[in-house]
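One structure is given below, encoded as structure tokens.
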Amino acid sequence: MKIYFKLLILLSLFISQLSSQTRDEQITKGIDHVYRLEFDSANTIFQGFVNSDPKDPTGHFFLAMSEWWRIYINKDDRSNDDNYLSKVDACIKICEERLDENENNDWATFLLGGVIGYRGFMNVMRDNWLKAIDDGKQGLNLIQKAYELNPSNKDAVLGLGIYNYAVDYVVERYPFLKAVLFFFPKGNKELGLSQLRDCAENGRFSKTEANVTLAYIHLSYEKNYIEAQKYTQKLVTLYPDNPVFERFLGKCYVGLSNFNAGLTVYNSMLAKADSGKAWYNNNYIRREVNYYLGVCLSRTGNIDEALKKYESAIQICKITDKPGEESPYFVFSVLGTGIIYEQKGNKSEAIKYYDMVLNMRDVENSRETAQRFKDNALK
């Protein structure tokens with residue numbers, strides 16, 4: 001009889017483990033669909049978790065993250081903001097109900113911290129700084145608690161790594177924000193990068209997101225294009241039709257002055273847009289692609305074709321950009337056009353474009369640069 005009960009217990013444990021593995025595999029499959037931008041397929045899986053157990057926050061969390069990626073593909077498009085925020089609210093509600101039952105539920109704590117933290121990122125994109133700071137502080141506290149409750153949760157290390165890097169970077173780059181961040185824990189860039197690498201190698205569900213974060217940090221902040229390319233190439237290989245990753249790779253090549261490789265990437269993206277491929281065929285992608293094609297063509301000596309690409313970018317920017325809120329693509333396409341006209345010996349036309357830049361929003365000292373080129377053209 002004792003052997004019988006032992007077998008029942010072992011069988012129960014085996015079934016439980018099998019169920020857990022199947023659950024993890026389904027989550028991983030859903031996440032893979034998200035990075036492939038197959039959102040309907042991803043949401044079918046995540047909604048299945050909600051349907052099977054509406055009180056489990058797991059499905060709600062990943063539904064929110066699916067909507068987050070819809071926004072991240074094109075940050076200038078606000079049409080999905082409300083839908084995303086409604087998914088966030090649903091996840092918060094279920095997480096809080098779980099924590100009312102057991103305040104030390106590490107999984108619910110982790111999901112609550114994660115969903116609030118990513119809402120903070122959206123608030124940063126929308127210039128809602130007070131809300132972003134509040135979300136950041138609340139999300140960090142929850143992620144830290146989740147990690148203390150379960151130190152083996154490598155996914156929590158993603159949040160800690162982002163925080164440690166971001167706070168140290170912000171204080172270093174913008175000292176006037178020290179007062180705002182006085183009540184926040186101090187950051188550590190090197191620790192943050194180490195934590196992100198740990199998650200990229202050992203995360204349960206956040207490996208890809210950690211690679212995305214490392215690629216973005218090295219590309220946008222560290223300006224370490226070789227390191228950025230290492231992570232970006234991995235992402236493009238896994239997800240060749242994700243425009244976020246292709247954009248990263250193209251910028252890596254431009255940063256490394258490998259303009260021929262840049263041409264290959266951006267021409268591929270333009271071909272996808274022209275064929276009507278989902279997530280490529282929109283003005284925001286076309287605006288960026290035409291600008292960088294202009295850069296790459298001008299740097300490889302094909303200034304006539306570069307001029308056409310800059311002009312295409314300018315015409316698209318006239319549709320997408322608001323007066324006084326010109327995008328960098330608009331400003332630098334105009335500046336690039338002026339430089340090409342000067343190279344062609346048409347100084348009067350060049351000065352016209354330099355004057356346009358002087359009347360646009362200042363982006364990374366664009367006005368100072370335009371004035372310097374104008375002064376030189378007037379000599």
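We name chains A, B, ... following the order of the structure tokens; residues begin at 1 in each chain, and ligands are numbered from 1 as shown.
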Might you pull out every residue within 9 Å of segment 101-112 of chain A, with only C-alpha atoms counted and same-chain residues fewer than 6 positions away left off, and present them as a PyMOL selection string?
chain A and resi 56-58+61+91-92+94-95+139+142-150+155-156
Could you pull the residues within 9 Å of segment 129-138 of chain A, counting only C-alpha atoms, minus those fewer than 2 positions along the same chain, as number ranges by chain?
A: 113, 116-124, 126-127, 140-143, 163, 180-181, 184
Might you pull out every residue within 12 Å of Tyr341 of chain A, with only C-alpha atoms counted and same-chain residues fewer than 2 positions away left off, and present them as a list in words?
Ser298, Ile303, Asp304, Ala306, Leu307, Lys308, Tyr310, Val334, Leu335, Gly336, Thr337, Gly338, Ile339, Gln343, Lys344, Gly345, Asn346, Lys347, Ser348, Glu349, Ala350, Ile351, Lys352, Tyr353, Tyr354, Phe373, Lys374 and Ala377 of chain A
From the set A:Glu38, A:Asp355, A:Glu246, A:Asp89, which residue has the shortest atom-to-atom contact distance to Trp69 of chain A, counting only C-alpha atoms?
A:Glu38
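If you measure from each of A:Gly250, A:Leu63, A:Met125, A:Leu238 to Lys75 of chain A using only C-alpha atoms, the closest one turns out to be A:Met125.
Taking only C-alpha atoms into account, Gly30 of chain A lies nearest to A:Phe62 out of the set A:Phe259, A:Asp53, A:Val254, A:Phe62.
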So that I can check the secondary structure, give me every residue of segment 148-378 of chain A assigned helix (DSSP H, G or I) by backbone DSSP, as JSON, numbers by chain.
{"A": [148, 149, 154, 155, 156, 157, 158, 159, 160, 161, 162, 163, 164, 165, 166, 167, 168, 169, 170, 171, 172, 173, 175, 176, 177, 189, 190, 191, 192, 193, 194, 195, 196, 197, 198, 199, 200, 201, 202, 207, 208, 209, 210, 211, 212, 213, 214, 215, 216, 217, 218, 219, 220, 225, 226, 227, 228, 229, 230, 231, 232, 233, 234, 235, 236, 237, 238, 243, 244, 245, 246, 247, 248, 249, 250, 251, 252, 253, 254, 255, 259, 260, 261, 262, 263, 264, 265, 266, 267, 268, 269, 270, 271, 272, 273, 274, 283, 284, 285, 286, 287, 288, 289, 290, 291, 292, 293, 294, 295, 296, 297, 298, 299, 303, 304, 305, 306, 307, 308, 309, 310, 311, 312, 313, 314, 315, 316, 317, 318, 319, 320, 328, 329, 330, 331, 332, 333, 334, 335, 336, 337, 338, 339, 340, 341, 342, 343, 347, 348, 349, 350, 351, 352, 353, 354, 355, 356, 357, 358, 366, 367, 368, 369, 370, 371, 372, 373, 374, 375, 376, 377, 378]}
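Across the model, the gap from atom CA of Lys29 of chain A to atom CA of Lys234 of chain A is 18.1 Å.
Taking atom CA of Arg287 of chain A as the reference point, atom CA of Glu368 of chain A is found at 23.7 Å.
Among the candidates A:Ser333, A:Asn376, A:Gln26, A:Gln195, the residue lying nearest to Val357 of chain A is A:Ser333 (atoms considered: only C-alpha atoms).
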Between atom CA of Lys189 of chain A and atom CA of Pro151 of chain A, what is the distance, to one decimal in Å?
20.8 Å
So that I can see what lies close to Ser66 of chain A, please list as a JSON list (two decimals) with C-alpha atoms, in the first residue's frame the residues with an atom at most 10 Å from it, counting only C-alpha atoms and leaving out residues fewer than 3 positions away in the same chain.
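As a result, out.json now contains:
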```json
[["chain", "number", "residue", "atom", "x", "y", "z"],
["A", 30, "GLY", "CA", 3.89, 33.25, -27.59],
["A", 31, "ILE", "CA", 6.89, 35.50, -26.94],
["A", 33, "HIS", "CA", 5.31, 35.25, -32.03],
["A", 34, "VAL", "CA", 5.57, 38.75, -30.54],
["A", 35, "TYR", "CA", 9.11, 39.28, -31.85],
["A", 37, "LEU", "CA", 5.23, 40.60, -35.00],
["A", 38, "GLU", "CA", 2.60, 37.87, -35.27],
["A", 39, "PHE", "CA", 0.48, 39.51, -32.62],
["A", 40, "ASP", "CA", -2.76, 37.65, -33.30],
["A", 42, "ALA", "CA", 0.72, 35.53, -29.70],
["A", 43, "ASN", "CA", -2.50, 36.86, -28.22],
["A", 46, "PHE", "CA", -1.83, 34.47, -23.99],
["A", 60, "HIS", "CA", -2.72, 39.39, -18.63],
["A", 61, "PHE", "CA", 0.95, 40.37, -18.35],
["A", 62, "PHE", "CA", 1.94, 38.95, -21.71],
["A", 63, "LEU", "CA", -1.12, 40.44, -23.41],
["A", 69, "TRP", "CA", 5.58, 45.88, -28.76],
["A", 70, "ARG", "CA", 2.94, 47.20, -31.13],
["A", 71, "ILE", "CA", 3.83, 50.64, -29.75],
["A", 72, "TYR", "CA", 7.59, 50.04, -29.73],
["A", 84, "TYR", "CA", -2.09, 49.00, -24.15],
["A", 87, "LYS", "CA", -4.25, 45.70, -20.75]]
```
Using only C-alpha atoms, pick whichever of A:Asn211, A:Thr264, A:Asn281, A:Gln315 has the shortest atom-to-atom distance to Thr232 of chain A.
A:Asn211
Within 9 Å of Cys317 of chain A, counting only C-alpha atoms, which residues show up once you throw out same-chain ones fewer than 3 positions away? Write them as a ChimeraX atom specification, please.
/A:283-284,287,312-314,320-322,326-327,329-330
Go ahead and save the residues from that selection, with all heavy atoms, as a CSV table (one decimal), in the first residue's frame.
```csv
chain,number,residue,atom,x,y,z
A,283,ASN,N,4.8,55.4,-43.3
A,283,ASN,CA,5.6,56.6,-43.6
A,283,ASN,C,6.7,56.7,-42.6
A,283,ASN,O,7.8,57.3,-42.9
A,283,ASN,CB,4.7,57.9,-43.5
A,283,ASN,CG,4.0,58.1,-44.8
A,283,ASN,OD1,4.4,57.7,-45.9
A,283,ASN,ND2,2.8,58.7,-44.7
A,284,TYR,N,6.6,56.2,-41.4
A,284,TYR,CA,7.6,56.3,-40.4
A,284,TYR,C,8.9,55.5,-40.7
A,284,TYR,O,10.0,56.0,-40.6
A,284,TYR,CB,7.1,55.9,-39.0
A,284,TYR,CG,6.0,56.9,-38.5
A,284,TYR,CD1,4.6,56.5,-38.6
A,284,TYR,CD2,6.2,58.1,-38.0
A,284,TYR,CE1,3.6,57.3,-38.2
A,284,TYR,CE2,5.2,59.0,-37.6
A,284,TYR,CZ,3.9,58.6,-37.7
A,284,TYR,OH,2.9,59.4,-37.4
A,287,ARG,N,10.3,57.1,-43.9
A,287,ARG,CA,11.1,58.4,-43.6
A,287,ARG,C,12.5,58.1,-43.2
A,287,ARG,O,13.4,58.7,-43.7
A,287,ARG,CB,10.3,59.1,-42.5
A,287,ARG,CG,10.9,60.3,-41.9
A,287,ARG,CD,10.1,60.9,-40.7
A,287,ARG,NE,10.2,60.0,-39.6
A,287,ARG,CZ,9.6,60.3,-38.4
A,287,ARG,NH1,8.9,61.4,-38.3
A,287,ARG,NH2,9.6,59.5,-37.4
A,312,SER,N,12.9,62.4,-50.9
A,312,SER,CA,11.8,61.5,-50.6
A,312,SER,C,11.6,61.6,-49.0
A,312,SER,O,10.4,61.7,-48.6
A,312,SER,CB,12.2,60.1,-50.9
A,312,SER,OG,12.2,59.9,-52.3
A,313,ALA,N,12.7,61.6,-48.3
A,313,ALA,CA,12.5,61.7,-46.8
A,313,ALA,C,11.8,63.0,-46.4
A,313,ALA,O,11.0,63.1,-45.6
A,313,ALA,CB,13.9,61.6,-46.2
A,314,ILE,N,12.2,64.1,-47.1
A,314,ILE,CA,11.7,65.4,-46.8
A,314,ILE,C,10.2,65.5,-47.1
A,314,ILE,O,9.4,66.0,-46.3
A,314,ILE,CB,12.4,66.5,-47.6
A,314,ILE,CG1,13.8,66.7,-47.0
A,314,ILE,CG2,11.6,67.9,-47.5
A,314,ILE,CD1,14.7,67.6,-47.9
A,320,THR,N,4.4,63.6,-41.9
A,320,THR,CA,4.5,63.0,-40.5
A,320,THR,C,4.8,64.0,-39.4
A,320,THR,O,4.4,63.8,-38.3
A,320,THR,CB,5.5,61.8,-40.5
A,320,THR,OG1,6.8,62.4,-40.8
A,320,THR,CG2,5.2,60.7,-41.4
A,321,ASP,N,5.6,65.0,-39.7
A,321,ASP,CA,6.1,65.9,-38.7
A,321,ASP,C,5.3,67.1,-38.5
A,321,ASP,O,4.8,67.7,-39.5
A,321,ASP,CB,7.6,66.3,-39.0
A,321,ASP,CG,8.5,65.1,-39.0
A,321,ASP,OD1,8.0,63.9,-39.1
A,321,ASP,OD2,9.7,65.3,-39.1
A,322,LYS,N,5.1,67.6,-37.3
A,322,LYS,CA,4.4,68.8,-37.0
A,322,LYS,C,5.4,70.0,-37.0
A,322,LYS,O,6.5,69.8,-36.6
A,322,LYS,CB,3.7,68.7,-35.6
A,322,LYS,CG,2.6,67.6,-35.5
A,322,LYS,CD,2.1,67.6,-34.1
A,322,LYS,CE,1.0,66.5,-34.0
A,322,LYS,NZ,0.5,66.4,-32.6
A,326,GLU,N,9.9,69.1,-35.7
A,326,GLU,CA,10.5,68.3,-36.8
A,326,GLU,C,11.4,67.2,-36.2
A,326,GLU,O,12.1,67.3,-35.3
A,326,GLU,CB,11.4,69.2,-37.6
A,326,GLU,CG,10.7,70.3,-38.4
A,326,GLU,CD,10.5,71.6,-37.6
A,326,GLU,OE1,10.9,71.6,-36.4
A,326,GLU,OE2,9.9,72.6,-38.1
A,327,SER,N,11.3,66.0,-36.9
A,327,SER,CA,12.1,64.8,-36.5
A,327,SER,C,13.5,65.1,-36.9
A,327,SER,O,13.8,65.8,-37.8
A,327,SER,CB,11.5,63.6,-37.2
A,327,SER,OG,11.7,63.7,-38.6
A,329,TYR,N,15.1,63.1,-38.8
A,329,TYR,CA,15.2,62.7,-40.2
A,329,TYR,C,14.9,63.9,-41.1
A,329,TYR,O,15.5,64.1,-42.2
A,329,TYR,CB,14.2,61.6,-40.5
A,329,TYR,CG,14.4,60.4,-39.5
A,329,TYR,CD1,13.5,60.1,-38.6
A,329,TYR,CD2,15.6,59.7,-39.5
A,329,TYR,CE1,13.7,59.0,-37.7
A,329,TYR,CE2,15.8,58.7,-38.6
A,329,TYR,CZ,14.9,58.3,-37.7
A,329,TYR,OH,15.1,57.3,-36.8
A,330,PHE,N,13.9,64.7,-40.7
A,330,PHE,CA,13.6,65.9,-41.4
A,330,PHE,C,14.7,66.9,-41.4
A,330,PHE,O,15.2,67.4,-42.5
A,330,PHE,CB,12.3,66.6,-40.8
A,330,PHE,CG,11.6,67.5,-41.7
A,330,PHE,CD1,10.3,68.0,-41.4
A,330,PHE,CD2,12.1,68.0,-42.9
A,330,PHE,CE1,9.6,68.9,-42.2
A,330,PHE,CE2,11.4,68.8,-43.8
A,330,PHE,CZ,10.2,69.3,-43.4
```
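Proximity of A:Lys309, A:Leu235, A:His218, A:Asn153 to Asn202 of chain A, computed with only C-alpha atoms, is greatest for A:Asn153.
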